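Step one of this worksheet: look at the structure below.
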Amino acid sequence: MLRLTTLVSALALGTAAMASTALAEDITVGVSPGEHGEIMEKVAEVAAPLGLTIEVIEFSDYVVPNQALADGDLDANSFQHRPYLENQIADRGFGLVEVGTTITTPMGIYSDALTSMEDLPDGAQVAIPNDPTNGGRALLLLQDLGLITLTEGTGLVPSPLDVAENPKGLRFLELDAAQLPRTLADADIAIINTNYALASGLSPKGDSIAMEQADSPYVNIIVVQEGREAEPWVQTLVEAYHSPEVKAFIDETYEGAVLTSW
């Protein structure tokens, strides 16, 4: 009887140890600088007591995080909106899937020379991102403001070649998104993603002279490799992101420049 009791106790201890191991997970998440990285650090704090340890890795551009995820160097990434992921999958054949929404960061128009879009001169130089989705997003913003008209049917990824009407003769300068804040000394206006605006010390609410509407289709997402979306840590990651603590952090830190999706 003693040996049976000892065996049962040993089995129970072994089962408890296995359960404890199953709850402990270490993952790496790729982010872009600025709000995506700052928010994920807060998510890591919330996730730690749940048994999920998150190493946050920052990338300085929009291309590498998806390649790193596809190569298995990351477990997840959190830096992009849906149209960008769809474009990357179409262009590069990545086997990546969305597992949760995060934030919306309205794209803004900034200028060192102008205080209003009404002052935009004819022939103005307009700096926009050079990747298809964010460049297209910038052009759609200009169309919403009545400054250009795009060829019908270009969807969410128009390029300057799709500008059908340009009454002010705007000249487009396409640059890497991270470099756009540096163009403000030369370009009349620059259309900048919120993360790069914040990283350069610009306030989207205080410094922009125009912004996207809050109902933009460019909600950001958490992405993992196809086939891993049902792994337990994925649900924990999304739940930690969607926690009241993270929402409060976003609202207090960014004061409306970053909008939560939940």
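If you're wondering about the labels, chains in the structure tokens are A, B, ... by order shown, residues count from 1 in each chain, ligands from 1 in order shown.
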
Strand (DSSP E or B) per DSSP on the backbone: members of segment 51-246 of chain A, as a PyMOL selection string: chain A and resi 52-58+76-81+96-101+103-104+108-110+125-129+149-150+163-165+171-175+189-192+210-211+220-225

Go through segment 68-95 of chain A residue by residue and, counting only C-alpha atoms, keep those with an atom at most 12 Å from segment 151-166 of chain A; for each kept residue give the shortest atom pair and its distance in Å to one decimal, ordered by chain and increasing number, as a tab-separated table.
```
residue	atom	partner	partner_atom	distance
A:His81	CA	A:Leu156	CA	11.8
A:Arg82	CA	A:Leu156	CA	10.6
A:Pro83	CA	A:Leu156	CA	7.3
A:Tyr84	CA	A:Val157	CA	9.2
A:Glu86	CA	A:Val157	CA	10.7
A:Asn87	CA	A:Val157	CA	8.6
A:Gln88	CA	A:Val157	CA	11.9
```

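The protein and nucleic acid residues lying at most 7 Å from segment 67-79 of chain A are Ile27, Thr28, Val29, Gly30, Val31, Ser32, His36, Phe94, Gly95, Leu96, Asn220, Ile221, Ile222, Val223, Val224 and Gln225 of chain A, with only C-alpha atoms considered and sequence neighbours fewer than 5 positions away removed.
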
Residues as selected, N, CA, C and O atoms, written as a compact mmCIF listing (two decimals), in the first residue's frame, can you do that?
```txt
# COMPACT_ATOMS: atom_id res chain seq x y z
N ILE A 27 8.21 33.52 -26.06
CA ILE A 27 8.04 33.84 -27.47
C ILE A 27 8.77 35.14 -27.81
O ILE A 27 9.08 35.94 -26.93
N THR A 28 9.02 35.33 -29.09
CA THR A 28 9.59 36.58 -29.59
C THR A 28 8.56 37.24 -30.51
O THR A 28 7.95 36.58 -31.35
N VAL A 29 8.38 38.55 -30.34
CA VAL A 29 7.41 39.30 -31.14
C VAL A 29 8.14 40.47 -31.80
O VAL A 29 8.77 41.27 -31.12
N GLY A 30 8.04 40.56 -33.12
CA GLY A 30 8.65 41.65 -33.86
C GLY A 30 7.71 42.85 -33.93
O GLY A 30 6.51 42.70 -34.15
N VAL A 31 8.27 44.04 -33.73
CA VAL A 31 7.49 45.27 -33.76
C VAL A 31 8.28 46.35 -34.50
O VAL A 31 9.48 46.21 -34.72
N SER A 32 7.60 47.42 -34.85
CA SER A 32 8.29 48.61 -35.37
C SER A 32 8.48 49.58 -34.22
O SER A 32 7.80 49.49 -33.19
N HIS A 36 4.06 50.74 -31.42
CA HIS A 36 3.93 49.28 -31.48
C HIS A 36 4.88 48.62 -30.48
O HIS A 36 4.49 47.68 -29.77
N PHE A 94 4.07 34.74 -48.50
CA PHE A 94 4.23 34.37 -47.10
C PHE A 94 3.03 33.56 -46.62
O PHE A 94 1.88 33.88 -46.92
N GLY A 95 3.30 32.54 -45.81
CA GLY A 95 2.24 31.78 -45.15
C GLY A 95 1.97 32.36 -43.77
O GLY A 95 2.32 31.76 -42.75
N LEU A 96 1.37 33.54 -43.73
CA LEU A 96 1.13 34.26 -42.48
C LEU A 96 -0.35 34.53 -42.32
O LEU A 96 -1.07 34.74 -43.31
N ASN A 220 -4.53 47.74 -37.33
CA ASN A 220 -3.32 46.93 -37.20
C ASN A 220 -3.64 45.58 -36.57
O ASN A 220 -4.66 45.42 -35.89
N ILE A 221 -2.74 44.64 -36.76
CA ILE A 221 -3.03 43.25 -36.42
C ILE A 221 -1.82 42.53 -35.84
O ILE A 221 -0.67 42.93 -36.04
N ILE A 222 -2.10 41.44 -35.11
CA ILE A 222 -1.08 40.49 -34.66
C ILE A 222 -1.06 39.35 -35.67
O ILE A 222 -2.11 38.83 -36.06
N VAL A 223 0.15 38.96 -36.09
CA VAL A 223 0.30 37.97 -37.16
C VAL A 223 1.22 36.84 -36.70
O VAL A 223 2.21 37.09 -36.00
N VAL A 224 0.88 35.61 -37.09
CA VAL A 224 1.72 34.45 -36.80
C VAL A 224 1.84 33.61 -38.08
O VAL A 224 1.17 33.87 -39.08
N GLN A 225 2.70 32.60 -38.02
CA GLN A 225 2.82 31.68 -39.15
C GLN A 225 1.54 30.87 -39.30
O GLN A 225 0.92 30.47 -38.31
```

With a cut-off of 8 Å, could you pull out the residues of segment 29-61 of chain A touching segment 231-249 of chain A and give me the nearest pair of atoms for each, distance in Å to one decimal, using only C-alpha atoms, ordered by chain and ascending number, as JSON lines?
```
{"residue": "A:Ile39", "atom": "CA", "partner": "A:Val246", "partner_atom": "CA", "distance": 7.3}
{"residue": "A:Met40", "atom": "CA", "partner": "A:Tyr241", "partner_atom": "CA", "distance": 7.7}
{"residue": "A:Lys42", "atom": "CA", "partner": "A:Val246", "partner_atom": "CA", "distance": 6.5}
{"residue": "A:Val43", "atom": "CA", "partner": "A:Tyr241", "partner_atom": "CA", "distance": 5.4}
{"residue": "A:Ala44", "atom": "CA", "partner": "A:Ala240", "partner_atom": "CA", "distance": 7.9}
{"residue": "A:Val46", "atom": "CA", "partner": "A:Ala240", "partner_atom": "CA", "distance": 5.8}
{"residue": "A:Ala47", "atom": "CA", "partner": "A:Ala240", "partner_atom": "CA", "distance": 5.4}
{"residue": "A:Leu50", "atom": "CA", "partner": "A:Thr236", "partner_atom": "CA", "distance": 7.5}
{"residue": "A:Leu52", "atom": "CA", "partner": "A:Trp233", "partner_atom": "CA", "distance": 6.9}
```

Polymer residues at most 7 Å from segment 200-216 of chain A, only C-alpha atoms, same-chain spacing of 6 or more positions, as a ChimeraX atom specification: /A:106-110,115-117,141,181,194,257

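Nearest residue to Glu35 of chain A, choosing from A:Leu198, A:Glu252, A:Ile57, A:Gly169 and counting only C-alpha atoms: A:Leu198.
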
Residue neighbourhood Arg182 of chain A, 12 Å, only C-alpha atoms, exclusion window fewer than 5 positions, as a ChimeraX atom specification: /A:110-112,127-128,175-177,187,189-192,196-197,199-202

Could you give me the residues within segment 38-244 of chain A that DSSP places in alpha helix (DSSP H), as an mmCIF file with N, CA and C atoms, in the first residue's frame?
```cif
data_model
loop_
_atom_site.group_PDB
_atom_site.id
_atom_site.type_symbol
_atom_site.label_atom_id
_atom_site.label_comp_id
_atom_site.auth_asym_id
_atom_site.auth_seq_id
_atom_site.Cartn_x
_atom_site.Cartn_y
_atom_site.Cartn_z
ATOM 1 N N GLU A 38 6.275 50.121 -27.767
ATOM 2 C CA GLU A 38 5.924 50.539 -26.419
ATOM 3 C C GLU A 38 4.713 49.770 -25.898
ATOM 4 N N ILE A 39 3.722 49.596 -26.747
ATOM 5 C CA ILE A 39 2.527 48.865 -26.320
ATOM 6 C C ILE A 39 2.852 47.402 -26.072
ATOM 7 N N MET A 40 3.679 46.791 -26.927
ATOM 8 C CA MET A 40 4.001 45.382 -26.733
ATOM 9 C C MET A 40 4.793 45.153 -25.444
ATOM 10 N N GLU A 41 5.604 46.128 -25.038
ATOM 11 C CA GLU A 41 6.293 46.012 -23.748
ATOM 12 C C GLU A 41 5.265 45.973 -22.607
ATOM 13 N N LYS A 42 4.205 46.765 -22.718
ATOM 14 C CA LYS A 42 3.133 46.723 -21.720
ATOM 15 C C LYS A 42 2.393 45.394 -21.778
ATOM 16 N N VAL A 43 2.154 44.902 -22.992
ATOM 17 C CA VAL A 43 1.517 43.590 -23.153
ATOM 18 C C VAL A 43 2.353 42.515 -22.463
ATOM 19 N N ALA A 44 3.677 42.614 -22.593
ATOM 20 C CA ALA A 44 4.571 41.642 -21.965
ATOM 21 C C ALA A 44 4.398 41.646 -20.450
ATOM 22 N N GLU A 45 4.216 42.831 -19.872
ATOM 23 C CA GLU A 45 3.988 42.918 -18.428
ATOM 24 C C GLU A 45 2.701 42.194 -18.031
ATOM 25 N N VAL A 46 1.650 42.382 -18.823
ATOM 26 C CA VAL A 46 0.367 41.755 -18.522
ATOM 27 C C VAL A 46 0.435 40.251 -18.738
ATOM 28 N N ALA A 47 1.180 39.817 -19.750
ATOM 29 C CA ALA A 47 1.231 38.401 -20.107
ATOM 30 C C ALA A 47 2.095 37.577 -19.157
ATOM 31 N N VAL A 64 11.334 43.566 -43.126
ATOM 32 C CA VAL A 64 12.014 42.472 -42.423
ATOM 33 C C VAL A 64 11.120 41.710 -41.452
ATOM 34 N N PRO A 65 10.212 42.361 -40.688
ATOM 35 C CA PRO A 65 9.443 41.592 -39.700
ATOM 36 C C PRO A 65 8.622 40.455 -40.280
ATOM 37 N N ASN A 66 8.068 40.608 -41.468
ATOM 38 C CA ASN A 66 7.315 39.512 -42.076
ATOM 39 C C ASN A 66 8.241 38.414 -42.578
ATOM 40 N N GLN A 67 9.380 38.798 -43.147
ATOM 41 C CA GLN A 67 10.342 37.796 -43.598
ATOM 42 C C GLN A 67 10.877 37.003 -42.408
ATOM 43 N N ALA A 68 11.184 37.694 -41.312
ATOM 44 C CA ALA A 68 11.690 37.025 -40.119
ATOM 45 C C ALA A 68 10.648 36.072 -39.541
ATOM 46 N N LEU A 69 9.387 36.477 -39.585
ATOM 47 C CA LEU A 69 8.318 35.605 -39.098
ATOM 48 C C LEU A 69 8.159 34.386 -40.001
ATOM 49 N N ALA A 70 8.177 34.611 -41.298
ATOM 50 C CA ALA A 70 8.060 33.502 -42.247
ATOM 51 C C ALA A 70 9.230 32.526 -42.114
ATOM 52 N N ARG A 82 -3.955 45.436 -42.067
ATOM 53 C CA ARG A 82 -4.418 44.342 -42.929
ATOM 54 C C ARG A 82 -4.023 44.517 -44.395
ATOM 55 N N PRO A 83 -4.243 45.704 -44.994
ATOM 56 C CA PRO A 83 -3.869 45.832 -46.410
ATOM 57 C C PRO A 83 -2.386 45.565 -46.660
ATOM 58 N N TYR A 84 -1.530 45.958 -45.715
ATOM 59 C CA TYR A 84 -0.100 45.710 -45.906
ATOM 60 C C TYR A 84 0.188 44.216 -45.875
ATOM 61 N N LEU A 85 -0.399 43.490 -44.925
ATOM 62 C CA LEU A 85 -0.188 42.044 -44.869
ATOM 63 C C LEU A 85 -0.690 41.378 -46.144
ATOM 64 N N GLU A 86 -1.865 41.775 -46.593
ATOM 65 C CA GLU A 86 -2.427 41.177 -47.811
ATOM 66 C C GLU A 86 -1.505 41.416 -49.006
ATOM 67 N N ASN A 87 -0.935 42.617 -49.087
ATOM 68 C CA ASN A 87 -0.017 42.927 -50.175
ATOM 69 C C ASN A 87 1.267 42.108 -50.071
ATOM 70 N N GLN A 88 1.788 41.937 -48.863
ATOM 71 C CA GLN A 88 3.002 41.150 -48.654
ATOM 72 C C GLN A 88 2.782 39.682 -49.017
ATOM 73 N N ILE A 89 1.634 39.151 -48.646
ATOM 74 C CA ILE A 89 1.322 37.766 -48.979
ATOM 75 C C ILE A 89 1.219 37.594 -50.496
ATOM 76 N N ALA A 90 0.559 38.550 -51.149
ATOM 77 C CA ALA A 90 0.413 38.483 -52.608
ATOM 78 C C ALA A 90 1.759 38.587 -53.312
ATOM 79 N N ASP A 91 2.626 39.468 -52.836
ATOM 80 C CA ASP A 91 3.911 39.717 -53.495
ATOM 81 C C ASP A 91 4.962 38.670 -53.171
ATOM 82 N N ARG A 92 4.952 38.167 -51.936
ATOM 83 C CA ARG A 92 6.050 37.323 -51.472
ATOM 84 C C ARG A 92 5.638 35.902 -51.129
ATOM 85 N N PRO A 132 3.868 50.062 -51.299
ATOM 86 C CA PRO A 132 2.579 50.191 -51.988
ATOM 87 C C PRO A 132 1.396 50.513 -51.085
ATOM 88 N N THR A 133 1.292 49.844 -49.938
ATOM 89 C CA THR A 133 0.091 50.057 -49.127
ATOM 90 C C THR A 133 0.108 51.396 -48.415
ATOM 91 N N ASN A 134 1.234 51.782 -47.822
ATOM 92 C CA ASN A 134 1.264 53.063 -47.119
ATOM 93 C C ASN A 134 1.334 54.238 -48.089
ATOM 94 N N GLY A 135 2.000 54.047 -49.227
ATOM 95 C CA GLY A 135 1.964 55.076 -50.253
ATOM 96 C C GLY A 135 0.560 55.262 -50.781
ATOM 97 N N GLY A 136 -0.124 54.151 -51.015
ATOM 98 C CA GLY A 136 -1.516 54.225 -51.455
ATOM 99 C C GLY A 136 -2.413 54.862 -50.418
ATOM 100 N N ARG A 137 -2.142 54.559 -49.170
ATOM 101 C CA ARG A 137 -2.907 55.148 -48.066
ATOM 102 C C ARG A 137 -2.752 56.667 -48.057
ATOM 103 N N ALA A 138 -1.534 57.141 -48.294
ATOM 104 C CA ALA A 138 -1.283 58.577 -48.337
ATOM 105 C C ALA A 138 -2.048 59.237 -49.488
ATOM 106 N N LEU A 139 -2.053 58.581 -50.640
ATOM 107 C CA LEU A 139 -2.767 59.135 -51.796
ATOM 108 C C LEU A 139 -4.275 59.153 -51.559
ATOM 109 N N LEU A 140 -4.784 58.133 -50.897
ATOM 110 C CA LEU A 140 -6.212 58.111 -50.573
ATOM 111 C C LEU A 140 -6.575 59.244 -49.620
ATOM 112 N N LEU A 141 -5.666 59.567 -48.700
ATOM 113 C CA LEU A 141 -5.906 60.694 -47.804
ATOM 114 C C LEU A 141 -5.971 62.003 -48.597
ATOM 115 N N LEU A 142 -5.063 62.167 -49.537
ATOM 116 C CA LEU A 142 -5.090 63.378 -50.368
ATOM 117 C C LEU A 142 -6.380 63.448 -51.190
ATOM 118 N N GLN A 143 -6.842 62.291 -51.660
ATOM 119 C CA GLN A 143 -8.104 62.273 -52.403
ATOM 120 C C GLN A 143 -9.266 62.648 -51.492
ATOM 121 N N ASP A 144 -9.264 62.119 -50.262
ATOM 122 C CA ASP A 144 -10.331 62.459 -49.316
ATOM 123 C C ASP A 144 -10.355 63.959 -49.027
ATOM 124 N N THR A 194 1.910 57.167 -37.966
ATOM 125 C CA THR A 194 1.957 57.635 -36.583
ATOM 126 C C THR A 194 3.188 57.146 -35.835
ATOM 127 N N ASN A 195 3.585 55.876 -36.040
ATOM 128 C CA ASN A 195 4.725 55.374 -35.268
ATOM 129 C C ASN A 195 5.991 56.165 -35.563
ATOM 130 N N TYR A 196 6.215 56.517 -36.828
ATOM 131 C CA TYR A 196 7.409 57.282 -37.170
ATOM 132 C C TYR A 196 7.270 58.754 -36.772
ATOM 133 N N ALA A 197 6.051 59.260 -36.766
ATOM 134 C CA ALA A 197 5.839 60.632 -36.291
ATOM 135 C C ALA A 197 6.169 60.724 -34.802
ATOM 136 N N LEU A 198 5.631 59.788 -34.020
ATOM 137 C CA LEU A 198 5.886 59.792 -32.585
ATOM 138 C C LEU A 198 7.367 59.598 -32.283
ATOM 139 N N ALA A 199 8.004 58.698 -33.015
ATOM 140 C CA ALA A 199 9.419 58.417 -32.772
ATOM 141 C C ALA A 199 10.291 59.631 -33.049
ATOM 142 N N PRO A 204 0.794 63.659 -33.338
ATOM 143 C CA PRO A 204 -0.231 63.582 -34.383
ATOM 144 C C PRO A 204 -1.383 64.559 -34.170
ATOM 145 N N LYS A 205 -1.818 64.725 -32.946
ATOM 146 C CA LYS A 205 -2.932 65.640 -32.693
ATOM 147 C C LYS A 205 -2.489 67.096 -32.694
ATOM 148 N N GLY A 206 -1.283 67.365 -32.184
ATOM 149 C CA GLY A 206 -0.852 68.743 -32.042
ATOM 150 C C GLY A 206 -0.098 69.310 -33.223
ATOM 151 N N ASP A 207 0.612 68.441 -33.964
ATOM 152 C CA ASP A 207 1.495 68.932 -35.021
ATOM 153 C C ASP A 207 0.981 68.690 -36.440
ATOM 154 N N PRO A 232 -1.742 27.450 -27.865
ATOM 155 C CA PRO A 232 -2.304 28.131 -26.688
ATOM 156 C C PRO A 232 -1.729 29.523 -26.419
ATOM 157 N N TRP A 233 -0.448 29.729 -26.688
ATOM 158 C CA TRP A 233 0.158 31.026 -26.382
ATOM 159 C C TRP A 233 -0.434 32.150 -27.230
ATOM 160 N N VAL A 234 -0.964 31.787 -28.403
ATOM 161 C CA VAL A 234 -1.531 32.812 -29.284
ATOM 162 C C VAL A 234 -2.743 33.461 -28.616
ATOM 163 N N GLN A 235 -3.612 32.638 -28.051
ATOM 164 C CA GLN A 235 -4.782 33.178 -27.359
ATOM 165 C C GLN A 235 -4.372 34.025 -26.163
ATOM 166 N N THR A 236 -3.352 33.582 -25.434
ATOM 167 C CA THR A 236 -2.878 34.348 -24.283
ATOM 168 C C THR A 236 -2.321 35.698 -24.722
ATOM 169 N N LEU A 237 -1.572 35.704 -25.825
ATOM 170 C CA LEU A 237 -1.021 36.950 -26.350
ATOM 171 C C LEU A 237 -2.130 37.932 -26.706
ATOM 172 N N VAL A 238 -3.140 37.466 -27.415
ATOM 173 C CA VAL A 238 -4.246 38.345 -27.825
ATOM 174 C C VAL A 238 -5.027 38.830 -26.602
ATOM 175 N N GLU A 239 -5.278 37.920 -25.654
ATOM 176 C CA GLU A 239 -6.020 38.314 -24.446
ATOM 177 C C GLU A 239 -5.244 39.366 -23.649
ATOM 178 N N ALA A 240 -3.930 39.195 -23.563
ATOM 179 C CA ALA A 240 -3.118 40.171 -22.842
ATOM 180 C C ALA A 240 -3.159 41.521 -23.547
ATOM 181 N N TYR A 241 -3.101 41.501 -24.878
ATOM 182 C CA TYR A 241 -3.165 42.751 -25.641
ATOM 183 C C TYR A 241 -4.499 43.444 -25.430
ATOM 184 N N PRO A 244 -7.783 45.311 -20.083
ATOM 185 C CA PRO A 244 -8.071 46.683 -19.647
ATOM 186 C C PRO A 244 -6.807 47.470 -19.326
#
```

Separation of atom CA of Thr260 of chain A from atom CA of Pro33 of chain A, in Å and rounded to one decimal: 17.8 Å

Interatomic distance (Å, one decimal) between atom CA of Ile250 of chain A and atom CA of Thr183 of chain A: 28.1 Å

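Minimum atom-to-atom distance to Asp119 of chain A, evaluated using only C-alpha atoms, belongs to A:Asp188 out of A:Glu25, A:Glu226, A:Asp188, A:Asp61.
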
From A:Asp131, A:Ala113, A:Ala178, A:Glu255, residue lying nearest Phe59 of chain A [only C-alpha atoms]: A:Ala178

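Between atom CA of Ile103 of chain A and atom CA of Leu180 of chain A lies a distance of 21.5 Å.
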